[in-house]
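Text of the file protein.csv, holding CSV, C-alpha atoms:
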```
chain,number,residue,atom,x,y,z
A,20,MET,CA,-37.5,-11.1,-43.8
A,21,SER,CA,-37.2,-14.8,-43.7
A,22,TRP,CA,-39.5,-17.2,-41.8
A,23,THR,CA,-36.8,-18.0,-39.3
A,24,GLN,CA,-36.2,-14.3,-38.6
A,25,LYS,CA,-39.9,-13.7,-38.0
A,26,VAL,CA,-40.0,-16.4,-35.4
A,27,ARG,CA,-36.9,-15.0,-33.7
A,28,CYS,CA,-38.4,-11.5,-33.7
A,29,HIS,CA,-41.6,-13.0,-32.1
A,30,VAL,CA,-39.5,-14.8,-29.5
A,31,ARG,CA,-37.6,-11.6,-28.7
A,32,ALA,CA,-40.8,-9.6,-28.4
A,33,THR,CA,-42.3,-12.2,-26.2
A,34,ARG,CA,-39.3,-12.1,-23.8
A,35,GLY,CA,-39.5,-8.3,-23.8
A,36,ALA,CA,-43.1,-8.4,-22.9
A,37,ARG,CA,-42.4,-10.8,-20.1
A,38,ARG,CA,-39.7,-8.6,-18.7
A,39,GLY,CA,-42.0,-5.6,-18.9
A,40,GLY,CA,-44.7,-7.5,-16.9
A,41,GLU,CA,-47.2,-7.6,-19.7
A,42,PHE,CA,-47.8,-11.3,-19.1
A,43,PRO,CA,-46.2,-13.8,-16.7
A,44,GLU,CA,-43.3,-16.0,-17.6
A,45,HIS,CA,-45.1,-19.1,-16.5
A,46,PRO,CA,-48.8,-19.0,-17.3
A,47,GLY,CA,-49.4,-21.9,-14.9
A,48,PRO,CA,-50.9,-25.4,-15.4
A,49,PRO,CA,-53.7,-25.9,-17.8
A,50,ALA,CA,-57.3,-25.8,-16.6
A,51,SER,CA,-58.7,-28.9,-15.2
A,52,GLY,CA,-61.8,-30.2,-13.3
A,53,PHE,CA,-60.7,-28.4,-10.2
A,54,THR,CA,-61.6,-25.2,-11.9
A,55,LEU,CA,-65.3,-26.1,-11.8
A,56,LEU,CA,-65.4,-27.5,-8.3
A,57,PRO,CA,-65.9,-24.2,-6.3
A,58,TRP,CA,-69.3,-23.7,-8.1
A,59,LEU,CA,-70.6,-26.6,-6.0
A,60,LEU,CA,-71.0,-24.1,-3.2
A,61,LEU,CA,-74.3,-23.1,-5.0
A,62,GLY,CA,-75.7,-26.3,-3.6
A,63,MET,CA,-74.8,-25.4,0.0
A,64,GLY,CA,-78.4,-24.1,0.5
A,65,ALA,CA,-79.8,-27.5,-0.4
A,66,PHE,CA,-77.3,-29.2,1.8
A,67,SER,CA,-78.1,-27.0,4.8
A,68,ASN,CA,-81.8,-27.8,4.4
A,69,LEU,CA,-81.1,-31.4,5.1
A,70,PHE,CA,-80.1,-30.5,8.7
A,71,GLN,CA,-82.8,-27.9,9.3
A,72,ASP,CA,-85.9,-30.1,9.0
A,73,ARG,CA,-86.9,-28.2,5.8
A,74,THR,CA,-86.6,-31.2,3.5
A,75,PRO,CA,-89.2,-34.0,3.5
A,76,ASN,CA,-87.6,-37.4,3.4
A,77,PRO,CA,-84.1,-36.1,4.1
A,78,TRP,CA,-82.4,-39.4,3.4
A,79,ILE,CA,-83.7,-39.3,-0.2
A,80,GLY,CA,-82.5,-35.7,-0.5
A,81,ALA,CA,-79.1,-36.6,0.9
A,82,LEU,CA,-78.7,-39.6,-1.5
A,83,GLY,CA,-79.9,-37.4,-4.4
A,84,LEU,CA,-77.4,-34.6,-3.5
A,85,LEU,CA,-74.6,-37.2,-3.2
A,86,ALA,CA,-75.5,-38.6,-6.7
A,87,PHE,CA,-75.7,-35.0,-8.1
A,88,ASN,CA,-72.2,-34.1,-6.7
A,89,SER,CA,-70.7,-37.3,-7.8
A,90,LEU,CA,-72.0,-37.0,-11.4
A,91,TYR,CA,-71.1,-33.3,-11.5
A,92,ILE,CA,-67.5,-34.0,-10.5
A,93,TYR,CA,-67.3,-36.9,-12.9
A,94,VAL,CA,-68.4,-34.7,-15.9
A,95,ALA,CA,-66.2,-31.8,-14.8
A,96,PHE,CA,-63.0,-33.8,-14.7
A,97,ARG,CA,-63.7,-35.5,-18.1
A,98,ALA,CA,-64.7,-32.2,-19.8
A,99,PHE,CA,-61.1,-30.9,-20.3
A,100,ARG,CA,-59.9,-33.7,-22.7
A,101,ARG,CA,-61.5,-34.3,-26.0
A,102,GLU,CA,-61.2,-38.0,-25.8
A,103,THR,CA,-63.0,-38.3,-22.5
A,104,ARG,CA,-65.4,-35.5,-23.1
A,105,GLU,CA,-66.8,-37.1,-26.2
A,106,ALA,CA,-66.9,-40.6,-24.6
A,107,ARG,CA,-70.3,-42.2,-24.3
A,108,SER,CA,-69.8,-42.6,-20.5
A,109,THR,CA,-69.5,-38.8,-20.1
A,110,GLN,CA,-72.7,-38.2,-22.2
A,111,VAL,CA,-74.6,-40.8,-20.1
A,112,ALA,CA,-73.3,-39.2,-16.9
A,113,LEU,CA,-74.5,-35.8,-18.1
A,114,ALA,CA,-78.0,-37.2,-18.9
A,115,LEU,CA,-78.2,-38.8,-15.4
A,116,LEU,CA,-77.1,-35.5,-13.9
A,117,ALA,CA,-80.0,-33.8,-15.7
A,118,ALA,CA,-82.5,-36.4,-14.5
A,119,VAL,CA,-81.2,-36.1,-10.9
A,120,THR,CA,-81.4,-32.3,-11.0
A,121,CYS,CA,-85.0,-32.3,-12.3
A,122,SER,CA,-86.0,-34.8,-9.7
A,123,LEU,CA,-84.5,-32.9,-6.8
A,124,ALA,CA,-85.6,-29.5,-8.0
A,125,ALA,CA,-89.2,-30.6,-8.8
A,126,GLY,CA,-89.5,-32.5,-5.6
A,127,TYR,CA,-88.2,-29.8,-3.2
A,128,GLY,CA,-88.0,-26.5,-5.0
A,129,GLY,CA,-86.6,-23.5,-3.1
A,130,THR,CA,-82.8,-23.5,-2.9
A,131,TRP,CA,-82.7,-26.8,-4.7
A,132,LEU,CA,-83.6,-24.9,-7.9
A,133,LEU,CA,-80.0,-23.6,-7.8
A,134,LEU,CA,-78.9,-27.0,-9.0
A,135,PHE,CA,-80.1,-26.0,-12.5
A,136,PRO,CA,-77.3,-23.4,-13.0
A,137,LEU,CA,-74.8,-26.1,-12.0
A,138,LEU,CA,-76.4,-28.4,-14.5
A,139,GLY,CA,-75.9,-25.7,-17.1
A,140,LEU,CA,-72.3,-25.3,-16.1
A,141,ALA,CA,-71.7,-29.0,-16.6
A,142,THR,CA,-73.5,-28.9,-19.9
A,143,GLY,CA,-71.4,-26.0,-21.2
A,144,ALA,CA,-68.2,-27.8,-20.1
A,145,ALA,CA,-69.1,-31.2,-21.7
A,146,LEU,CA,-70.7,-30.1,-25.0
A,147,ARG,CA,-69.4,-28.1,-27.9
A,148,MET,CA,-71.1,-26.1,-30.7
A,149,SER,CA,-72.5,-29.1,-32.6
A,150,HIS,CA,-74.8,-30.0,-29.7
A,151,LEU,CA,-74.4,-27.1,-27.3
A,152,ARG,CA,-77.2,-24.8,-28.7
A,153,SER,CA,-79.9,-27.4,-28.6
A,154,ALA,CA,-78.8,-28.9,-25.3
A,155,GLY,CA,-78.3,-25.5,-23.6
A,156,THR,CA,-81.7,-24.3,-24.8
A,157,ALA,CA,-83.3,-27.5,-23.6
A,158,VAL,CA,-81.7,-27.3,-20.1
A,159,ALA,CA,-82.8,-23.6,-19.8
A,160,VAL,CA,-86.4,-24.4,-20.8
A,161,LEU,CA,-86.5,-27.3,-18.4
A,162,ALA,CA,-85.1,-25.1,-15.6
A,163,GLY,CA,-87.7,-22.5,-16.4
A,164,ALA,CA,-90.6,-25.0,-16.4
A,165,VAL,CA,-89.6,-26.6,-13.1
A,166,SER,CA,-89.0,-23.2,-11.5
A,167,TRP,CA,-92.3,-21.8,-12.8
A,168,PHE,CA,-94.1,-24.7,-11.2
A,169,HIS,CA,-92.7,-23.7,-7.8
A,170,ASP,CA,-92.2,-19.9,-8.0
A,171,GLY,CA,-94.4,-18.8,-10.9
A,172,TRP,CA,-93.0,-16.2,-13.2
A,173,GLY,CA,-90.1,-15.5,-10.8
A,174,GLY,CA,-88.7,-18.9,-11.9
A,175,LEU,CA,-87.6,-17.3,-15.1
A,176,ASP,CA,-84.6,-15.9,-13.3
A,177,THR,CA,-83.5,-19.5,-12.7
A,178,ALA,CA,-84.0,-20.3,-16.4
A,179,TYR,CA,-81.9,-17.2,-17.4
A,180,ALA,CA,-79.2,-18.1,-14.9
A,181,THR,CA,-79.1,-21.6,-16.3
A,182,TRP,CA,-78.8,-20.5,-19.9
A,183,ILE,CA,-76.1,-17.9,-19.0
A,184,SER,CA,-74.0,-20.4,-17.0
A,185,THR,CA,-74.2,-22.9,-19.9
A,186,MET,CA,-73.1,-20.4,-22.6
A,187,VAL,CA,-70.5,-18.6,-20.6
A,188,THR,CA,-68.9,-21.8,-19.4
A,189,ALA,CA,-68.8,-23.1,-23.0
A,190,ALA,CA,-67.2,-19.9,-24.2
A,191,ILE,CA,-64.6,-20.0,-21.4
A,192,MET,CA,-63.8,-23.7,-22.1
A,193,ARG,CA,-63.4,-22.9,-25.9
A,194,LEU,CA,-61.1,-20.0,-25.1
A,195,SER,CA,-59.0,-22.1,-22.8
A,196,GLU,CA,-58.6,-24.7,-25.5
A,197,ALA,CA,-57.7,-22.0,-28.0
A,198,VAL,CA,-55.0,-20.7,-25.7
A,199,GLY,CA,-53.6,-24.2,-25.3
A,200,GLU,CA,-53.6,-24.7,-29.1
A,201,LEU,CA,-51.8,-21.4,-29.6
A,202,ARG,CA,-49.3,-22.3,-26.9
A,203,ALA,CA,-48.7,-25.7,-28.6
A,204,ALA,CA,-48.4,-24.0,-32.0
A,205,ARG,CA,-45.9,-21.5,-30.7
A,206,GLU,CA,-43.8,-24.3,-29.2
A,207,GLU,CA,-43.9,-26.1,-32.5
A,208,LEU,CA,-42.8,-23.0,-34.4
A,209,ALA,CA,-39.9,-22.5,-32.0
A,210,ARG,CA,-38.9,-26.2,-32.3
A,211,ARG,CA,-39.0,-26.0,-36.1
A,212,ALA,CA,-37.0,-22.7,-36.1
A,213,VAL,CA,-34.3,-24.4,-34.0
A,214,GLU,CA,-34.2,-27.4,-36.3
A,215,LYS,CA,-34.0,-25.2,-39.3
A,216,GLU,CA,-31.2,-23.1,-37.8
A,217,ARG,CA,-29.3,-26.2,-36.8
A,218,LEU,CA,-29.6,-27.6,-40.3
A,219,ARG,CA,-28.5,-24.3,-41.8
A,220,PHE,CA,-25.5,-24.1,-39.5
A,221,SER,CA,-24.5,-27.8,-40.2
A,222,ARG,CA,-24.7,-27.2,-44.0
A,223,ASP,CA,-22.7,-24.0,-43.8
A,224,LEU,CA,-20.0,-25.6,-41.6
A,225,HIS,CA,-19.7,-28.6,-44.0
A,226,ASP,CA,-19.5,-26.4,-47.1
A,227,LEU,CA,-17.2,-23.9,-45.6
A,228,LEU,CA,-14.8,-26.2,-43.6
A,229,GLY,CA,-14.9,-29.0,-46.2
A,230,HIS,CA,-13.7,-26.7,-49.0
A,231,THR,CA,-11.2,-24.7,-46.8
A,232,MET,CA,-9.6,-27.8,-45.3
A,233,SER,CA,-9.2,-29.4,-48.7
A,234,VAL,CA,-7.5,-26.2,-50.0
A,235,ILE,CA,-5.2,-26.1,-46.9
A,236,VAL,CA,-4.2,-29.8,-47.3
A,237,VAL,CA,-3.5,-29.4,-51.0
A,238,LYS,CA,-1.5,-26.2,-50.5
A,239,SER,CA,0.4,-27.7,-47.6
A,240,GLU,CA,1.4,-30.7,-49.7
A,241,ALA,CA,2.5,-28.4,-52.5
A,242,ALA,CA,4.6,-26.3,-50.0
A,243,ARG,CA,6.2,-29.5,-48.7
A,244,ARG,CA,7.1,-30.6,-52.2
A,245,LEU,CA,8.5,-27.2,-53.2
A,246,ALA,CA,10.4,-26.5,-49.9
A,247,ALA,CA,13.5,-28.5,-51.0
A,248,ARG,CA,13.9,-27.0,-54.4
A,249,ASP,CA,12.0,-23.6,-54.5
A,250,LEU,CA,11.7,-21.9,-51.2
A,251,ASP,CA,10.1,-18.8,-52.6
A,252,ALA,CA,7.3,-20.9,-54.2
A,253,ALA,CA,6.9,-22.8,-51.0
A,254,LEU,CA,6.6,-19.5,-49.1
A,255,ALA,CA,4.0,-18.4,-51.6
A,256,GLN,CA,1.9,-21.5,-50.9
A,257,ILE,CA,2.3,-20.9,-47.1
A,258,THR,CA,1.1,-17.3,-47.6
A,259,ASP,CA,-1.9,-18.6,-49.4
A,260,ILE,CA,-2.6,-21.0,-46.6
A,261,GLU,CA,-2.5,-18.1,-44.1
A,262,SER,CA,-4.9,-16.2,-46.4
A,263,VAL,CA,-7.3,-19.1,-46.7
A,264,GLY,CA,-7.2,-19.6,-43.0
A,265,ARG,CA,-8.1,-16.0,-42.3
A,266,GLN,CA,-10.8,-16.0,-44.8
A,267,ALA,CA,-12.2,-19.2,-43.3
A,268,LEU,CA,-12.4,-17.6,-39.9
A,269,THR,CA,-14.3,-14.7,-41.4
A,270,GLU,CA,-16.7,-17.0,-43.2
A,271,ILE,CA,-17.3,-19.1,-40.0
A,272,ARG,CA,-18.1,-16.0,-38.1
A,273,GLU,CA,-20.6,-15.0,-40.8
A,274,ALA,CA,-22.1,-18.5,-40.9
A,275,VAL,CA,-22.5,-18.4,-37.1
A,276,THR,CA,-24.3,-15.1,-37.2
A,277,GLY,CA,-26.2,-16.0,-40.4
A,278,TYR,CA,-25.0,-13.0,-42.4
A,279,ARG,CA,-22.9,-14.8,-45.0
A,280,GLN,CA,-23.3,-13.6,-48.6
A,281,GLY,CA,-21.8,-15.8,-51.3
A,282,SER,CA,-20.2,-14.5,-54.4
A,283,LEU,CA,-19.7,-16.5,-57.7
A,284,ASP,CA,-16.7,-14.4,-58.7
A,285,THR,CA,-15.0,-15.0,-55.3
A,286,GLU,CA,-15.7,-18.8,-55.5
A,287,LEU,CA,-14.2,-18.9,-59.1
A,288,ASP,CA,-11.1,-17.2,-57.8
A,289,ARG,CA,-10.8,-19.7,-55.0
A,290,ALA,CA,-11.5,-22.5,-57.3
A,291,HIS,CA,-8.6,-21.4,-59.5
A,292,SER,CA,-6.3,-21.2,-56.5
A,293,ALA,CA,-7.3,-24.6,-55.2
A,294,LEU,CA,-7.2,-26.4,-58.5
A,295,THR,CA,-3.9,-24.9,-59.5
A,296,ALA,CA,-2.3,-26.0,-56.2
A,297,ALA,CA,-3.6,-29.5,-56.9
A,298,GLY,CA,-2.1,-29.5,-60.3
A,299,ILE,CA,-5.4,-29.2,-62.2
A,300,LYS,CA,-5.8,-26.8,-65.0
A,301,LEU,CA,-9.0,-24.7,-64.8
A,302,THR,CA,-10.9,-23.2,-67.8
A,303,VAL,CA,-13.8,-20.8,-67.1
A,304,THR,CA,-16.3,-19.9,-69.8
A,305,ARG,CA,-19.0,-17.3,-69.0
A,306,SER,CA,-21.8,-16.1,-71.2
A,307,GLY,CA,-25.4,-14.8,-70.9
A,308,PRO,CA,-27.1,-12.0,-69.1
A,309,ARG,CA,-26.2,-10.6,-65.7
A,310,LEU,CA,-27.3,-12.8,-62.8
A,311,GLY,CA,-29.2,-11.8,-59.7
A,312,PRO,CA,-27.2,-11.7,-56.4
A,313,GLN,CA,-29.1,-14.6,-54.9
A,314,THR,CA,-28.6,-16.7,-58.0
A,315,GLU,CA,-24.9,-16.0,-57.9
A,316,ALA,CA,-24.8,-16.9,-54.2
A,317,LEU,CA,-26.3,-20.3,-54.9
A,318,LEU,CA,-24.1,-21.0,-57.9
A,319,GLY,CA,-21.1,-20.1,-55.8
A,320,TRP,CA,-22.1,-23.0,-53.4
A,321,VAL,CA,-22.2,-25.3,-56.4
A,322,VAL,CA,-18.8,-24.3,-57.6
A,323,ARG,CA,-17.3,-24.6,-54.1
A,324,GLU,CA,-18.7,-28.2,-53.6
A,325,ALA,CA,-17.8,-29.4,-57.1
A,326,VAL,CA,-14.3,-28.1,-56.9
A,327,THR,CA,-13.8,-29.5,-53.4
A,328,ASN,CA,-14.8,-33.0,-54.7
A,329,ALA,CA,-12.5,-32.6,-57.7
A,330,VAL,CA,-9.6,-31.6,-55.5
A,331,ARG,CA,-10.2,-34.4,-53.0
A,332,HIS,CA,-11.2,-37.4,-55.2
A,333,SER,CA,-11.0,-36.9,-58.9
A,334,ALA,CA,-7.2,-37.1,-59.6
A,335,ALA,CA,-8.1,-35.0,-62.6
A,336,ARG,CA,-5.7,-33.0,-64.8
A,337,GLN,CA,-8.2,-30.6,-66.3
A,338,CYS,CA,-11.4,-29.0,-65.1
A,339,GLU,CA,-13.8,-26.8,-67.0
A,340,ILE,CA,-16.5,-24.5,-65.5
A,341,THR,CA,-19.1,-23.3,-68.0
A,342,LEU,CA,-21.8,-20.7,-67.1
A,343,SER,CA,-24.5,-19.9,-69.7
A,344,GLY,CA,-27.8,-18.1,-69.4
A,345,GLY,CA,-31.0,-17.5,-71.3
A,346,ALA,CA,-33.9,-15.2,-70.9
A,347,GLU,CA,-35.2,-17.0,-67.8
A,348,ARG,CA,-32.8,-19.6,-66.5
A,349,VAL,CA,-29.0,-20.0,-66.1
A,350,ARG,CA,-27.0,-23.2,-66.3
A,351,LEU,CA,-23.6,-24.0,-64.6
A,352,SER,CA,-21.6,-27.1,-65.3
A,353,VAL,CA,-18.3,-28.3,-63.7
A,354,VAL,CA,-16.6,-31.0,-65.7
A,355,ASP,CA,-13.3,-32.8,-65.0
A,356,ASP,CA,-11.4,-35.6,-66.6
A,357,GLY,CA,-10.7,-37.5,-63.4
A,358,VAL,CA,-11.8,-40.9,-62.1
A,359,GLY,CA,-15.2,-39.6,-61.0
A,360,ALA,CA,-17.3,-41.4,-58.4
A,361,GLY,CA,-16.4,-44.6,-56.6
A,362,VAL,CA,-13.4,-43.2,-54.7
A,363,SER,CA,-13.0,-43.3,-51.0
A,364,GLY,CA,-13.6,-40.6,-48.5
A,365,GLY,CA,-17.4,-40.6,-48.1
A,366,GLU,CA,-17.9,-37.0,-49.2
A,367,GLY,CA,-17.7,-37.4,-52.9
A,368,ILE,CA,-20.6,-37.0,-55.3
A,369,GLY,CA,-22.4,-40.2,-56.0
A,370,VAL,CA,-23.4,-41.7,-59.3
A,371,GLY,CA,-26.5,-40.6,-61.1
A,372,VAL,CA,-27.7,-38.1,-58.6
A,373,VAL,CA,-30.6,-35.9,-59.7
A,374,ALA,CA,-32.6,-33.3,-57.9
A,375,ASP,CA,-35.3,-31.0,-59.3
A,376,GLY,CA,-37.4,-28.1,-58.2
A,377,ALA,CA,-40.4,-30.2,-57.7
A,378,GLY,CA,-38.9,-31.4,-54.4
A,379,GLY,CA,-37.4,-34.6,-55.8
A,380,GLY,CA,-34.8,-36.2,-53.7
A,381,LEU,CA,-31.7,-38.1,-54.6
A,382,GLY,CA,-32.3,-40.7,-57.2
A,383,GLY,CA,-30.6,-43.2,-59.5
A,384,SER,CA,-29.5,-46.7,-59.1
A,385,GLY,CA,-26.8,-47.1,-56.6
A,386,ALA,CA,-26.8,-43.3,-55.9
A,387,ARG,CA,-24.6,-42.2,-53.0
A,388,ALA,CA,-24.7,-38.6,-51.9
A,389,GLY,CA,-22.5,-37.0,-49.4
A,390,THR,CA,-23.6,-34.3,-47.0
A,391,GLY,CA,-22.5,-31.5,-49.3
A,392,LEU,CA,-24.5,-32.8,-52.3
A,393,THR,CA,-27.5,-33.4,-50.1
A,394,GLY,CA,-27.3,-29.7,-49.0
A,395,LEU,CA,-27.0,-28.5,-52.5
A,396,THR,CA,-29.9,-30.6,-53.6
A,397,GLU,CA,-32.2,-29.0,-51.0
A,398,ARG,CA,-30.8,-25.5,-51.6
A,399,LEU,CA,-31.5,-25.6,-55.3
A,400,ALA,CA,-34.8,-27.5,-55.1
A,401,ALA,CA,-36.1,-24.9,-52.6
A,402,VAL,CA,-35.9,-22.1,-55.3
A,403,GLY,CA,-37.0,-24.2,-58.3
A,404,GLY,CA,-33.6,-25.3,-59.5
A,405,SER,CA,-32.2,-28.6,-60.3
A,406,LEU,CA,-28.9,-30.5,-59.8
A,407,THR,CA,-27.4,-33.4,-61.8
A,408,ALA,CA,-24.2,-35.1,-61.1
A,409,GLY,CA,-22.5,-38.3,-62.4
A,410,PRO,CA,-19.8,-39.8,-64.5
A,411,ARG,CA,-19.5,-38.7,-68.2
A,412,ALA,CA,-19.8,-41.2,-71.0
A,413,GLY,CA,-16.3,-40.3,-72.3
A,414,GLY,CA,-14.7,-40.3,-68.9
A,415,GLY,CA,-14.5,-37.9,-66.1
A,416,PHE,CA,-17.2,-36.4,-63.9
A,417,ALA,CA,-19.7,-33.7,-64.4
A,418,VAL,CA,-21.9,-31.6,-62.0
A,419,SER,CA,-24.6,-29.5,-63.6
A,420,ALA,CA,-26.9,-27.0,-61.9
A,421,GLU,CA,-29.8,-25.0,-63.4
A,422,LEU,CA,-31.5,-22.0,-61.7
A,423,PRO,CA,-33.9,-19.2,-62.4
A,424,LEU,CA,-32.0,-16.1,-63.7
A,425,ASP,CA,-33.1,-14.1,-60.7
A,426,VAL,CA,-34.0,-16.1,-57.6
A,427,ASP,CA,-36.5,-14.6,-55.2
A,428,ALA,CA,-34.7,-13.2,-52.2
A,429,THR,CA,-37.0,-14.7,-49.6
A,430,ASP,CA,-36.7,-18.2,-51.1
A,431,ALA,CA,-32.9,-17.8,-51.4
A,432,ASN,CA,-32.6,-16.8,-47.8
A,433,SER,CA,-34.3,-20.0,-46.8
A,434,ALA,CA,-32.2,-22.0,-49.2
A,435,VAL,CA,-28.8,-20.5,-48.5
A,436,GLY,CA,-29.5,-20.1,-44.8
A,437,GLN,CA,-29.1,-16.3,-44.5
A,438,ARG,CA,-30.8,-13.8,-42.4
A,439,ALA,CA,-32.0,-10.7,-44.2
```
The structure in this file should be written as structure tokens.
Amino acid sequence: MSWTQKVRCHVRATRGARRGGEFPEHPGPPASGFTLLPWLLLGMGAFSNLFQDRTPNPWIGALGLLAFNSLYIYVAFRAFRRETREARSTQVALALLAAVTCSLAAGYGGTWLLLFPLLGLATGAALRMSHLRSAGTAVAVLAGAVSWFHDGWGGLDTAYATWISTMVTAAIMRLSEAVGELRAAREELARRAVEKERLRFSRDLHDLLGHTMSVIVVKSEAARRLAARDLDAALAQITDIESVGRQALTEIREAVTGYRQGSLDTELDRAHSALTAAGIKLTVTRSGPRLGPQTEALLGWVVREAVTNAVRHSAARQCEITLSGGAERVRLSVVDDGVGAGVSGGEGIGVGVVADGAGGGLGGSGARAGTGLTGLTERLAAVGGSLTAGPRAGGGFAVSAELPLDVDATDANSAVGQRA
């Protein structure tokens, strides 16, 4: 199963789970500082003491409570983004929050001690594992010491609540971040799958339609020339055009659905038909061991592209296709005696183009590669093959491809753009 197919299966499973109600279609907005605001209700006891004459110097308590709430809200809203969370201003605000909490709790005791769990909550939100353990322990010990001063051993409950609020908040914050990262990764995988499918489809359409339209044009010209003097031969060419058109429709449907399987023998037969209609004599020489199906499919693309360029641009009289194989690799060459590169049309093979399995791109001085050659380069390089194209020293043009004898099916699916 190819990587693209795995992503699609995951997307289909996700949609099925959503339809089945396993999780919502829209998970809602990401967590923010508003998530931590309701916990400020723990300080309502201290706030009510200000109006019940239970707090000495109530104006000092009110200003302290205002400072506590302001610092808490500041830290809470800056804790959900890494840049602001790790900023020095956030760390200073957290330290001031700890100082204000200790001052109010030590000075008033009672319900004011509940500010310590809020301090733990802000600490867990603002710090991560590198500093959380030491800071969380320090806040819990501080809460325990101040609470013990007011309530004796019963103050240990406040220390425990402070430590729990620190660690649980930190765990929830980390889980929220992990969910956000997973969501971003899933979106990135989906985006790459779409890009990969778009690239596969554009390559297949270019390779299929480029070759098919070239054959139709050549056979149409041949039928027009023969119509005046040999009607039967002209009708034979028209019949071939109909056959090529029907085959093109089938291949386009296969390309759209992603189930197209190339065949070297089929491409050689089509090459013979196209070159013969263009007045080019074809010679095919085959030797070596039997090829794997994926290797044949890739070599079929090479034959199709090379023959298409020969028909369109070479003005050749002869073309030779040679296939030879050894114990591990196979080599295919397509040579013609035409004018080679430098013709118009924009789809011909450029000069001195080389690609290898190490991921090399198109090279050579003045190299110019059409869409078809670029696609072949990437297809072969993806499976450890190589492609060389350029004018021959004695005249004409040559395209040479080398591949492993039996390409891995998974790599070939990625290179050729099939779905298993």
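Closest approach to Tyr91 in chain A among A:Leu294, A:Ala203, A:Ala144, A:Leu69: A:Ala144, based on all atoms listed in the file.
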**Item:** Contacts of Arg193 in chain A within 10 Å, all atoms listed in the file, excl. fewer than 5 positions in-chain, as JSON, numbers by chain
**Value:** {"A": [143, 144, 147, 148, 187, 188, 198, 199]}
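Here CA of Asp249 in chain A stands at a distance of 27.0 Å from CA of Leu287 in chain A.
Nearest to Ala417 in chain A of all the residues A:Ala253, A:Val353, A:Ala162, A:Leu228 is A:Val353, based on all atoms listed in the file.
Note that CA of Ser233 in chain A and CA of Glu216 in chain A are 25.3 Å apart.
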